[in-house]
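> So that we are looking at the same thing, I have put the structure below in structure tokens.
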Amino acid sequence: MKVQKLSYICVMTLSEAKIKFINSWGNFGSQWGINKTMGQIHGLLLVSENVLSAEDIMEHLQISRGNANMNIRGLMDWGLVYKETVLGERKEFFIAEKDIWIVAKRVVKVRQEKELITMLRILEELNNEKIECNDEKAEEAFKHTIGDIEKFAKQADTMLTRVQNANENWFWKSLIKLFIKK
């Protein structure tokens, strides 16, 4: 007896697909250092064919003017959104950087500056401090751990700087080399 395999095709409208993407991008954004609303605004601008005003964004996402403006400015600070001028319009319009390679490099740069560089400064400060402790072994273990973390963080900083300065082909070739055994 043959078993017939049934396949179902789900049909989704473009509007539904965009809403699903925008909500998912908002959740994803929180993983790379921005809040959910900022991620949703970025997602909306990514999938919009035209520039959008703050009012358009407010209407699509059902958010307040203050929330929209604050998050748009944040996205502009990250270099992920640009202001566009529309001839004959007094409103400000916005468009997202659509080159995902550029988006990724900018996210890496901001995260590196906000988090990694800050941590490196703290680790360097701790390595240079004279720490008073009655337990020489505990002090030595602490210094060793801090030194190892600093070494790793410096290597990560070097790698992230290379990624930021690299073109996309170099990145993918380098990544593939990591996984191919010689």
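Labels used: A, B, ... for chains in the order of the structure tokens, numbers from 1 for residues in each chain, and numbers from 1 for ligands as shown.
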Find the spatial neighbours of Leu46 (chain A), counting only C-alpha atoms, within a cut-off of 8 Å - ignore same-chain residues fewer than 2 positions away - and output them as a ChimeraX atom specification.
/A:42-44,48,95-98
> Considering only C-alpha atoms, return as a VMD selection string whatever protein or nucleic-acid residues lie within 6 Å of Lys36 (chain A), sequence-local ones (same chain, fewer than 5 positions apart) excluded.
chain A and resid 26 to 27 30
> With a distance cut-off of 8 Å and only C-alpha atoms, select the neighbouring residues of Leu116 (chain A), excluding the residue or stretch itself and same-chain residues fewer than 5 positions from it, and output the selection as a list in words.
Arg111, Ala153 and Asp157 of chain A
> DSSP on the backbone: what in region 23-123 of chain A comes out strand (DSSP E or B), as number ranges by chain?
A: 52-53, 81-84, 93-96
> Between A:Val108, A:Thr37, A:Lys18, A:Gly88, which residue has the minimum interatomic distance to Gly66 (chain A), considering only C-alpha atoms?
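The shortest atom-to-atom distance to Gly66 (chain A) comes from A:Thr37.
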> Using only C-alpha atoms, which protein or nucleic acid residues come within 7 Å of region 122-133 of chain A? Drop anything in the same chain fewer than 3 positions from it, and give the result as a list in words.
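The residues satisfying every condition are Thr118, Met119, Glu136, Glu139, Lys143, Ile146, Gly147 and Glu150 of chain A.
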> So that I have them on file, write out the residues from the current selection with N, CA and C atoms, as a JSON list (two decimals), in the first residue's frame.

[["chain", "number", "residue", "atom", "x", "y", "z"],
["A", 118, "THR", "N", 34.65, 49.07, 26.51],
["A", 118, "THR", "CA", 34.43, 49.38, 27.92],
["A", 118, "THR", "C", 35.00, 48.28, 28.81],
["A", 119, "MET", "N", 34.73, 47.04, 28.44],
["A", 119, "MET", "CA", 35.25, 45.91, 29.21],
["A", 119, "MET", "C", 36.78, 45.88, 29.16],
["A", 136, "GLU", "N", 47.52, 35.20, 48.96],
["A", 136, "GLU", "CA", 48.32, 35.40, 47.74],
["A", 136, "GLU", "C", 47.82, 34.52, 46.59],
["A", 139, "GLU", "N", 44.68, 36.07, 45.10],
["A", 139, "GLU", "CA", 45.05, 37.24, 44.32],
["A", 139, "GLU", "C", 45.65, 36.81, 42.98],
["A", 143, "LYS", "N", 44.12, 37.60, 39.25],
["A", 143, "LYS", "CA", 44.93, 38.27, 38.22],
["A", 143, "LYS", "C", 45.05, 37.39, 36.97],
["A", 146, "ILE", "N", 41.65, 37.45, 35.13],
["A", 146, "ILE", "CA", 41.48, 38.77, 34.49],
["A", 146, "ILE", "C", 42.40, 38.87, 33.26],
["A", 147, "GLY", "N", 43.61, 38.39, 33.39],
["A", 147, "GLY", "CA", 44.56, 38.41, 32.27],
["A", 147, "GLY", "C", 44.08, 37.57, 31.09],
["A", 150, "GLU", "N", 41.19, 39.37, 29.46],
["A", 150, "GLU", "CA", 41.69, 40.52, 28.70],
["A", 150, "GLU", "C", 42.32, 40.06, 27.38]]
> When you draw a straight line from CA of Ser53 (chain A) to CA of Glu92 (chain A), how long is it in Å?
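It comes out at 5.8 Å.
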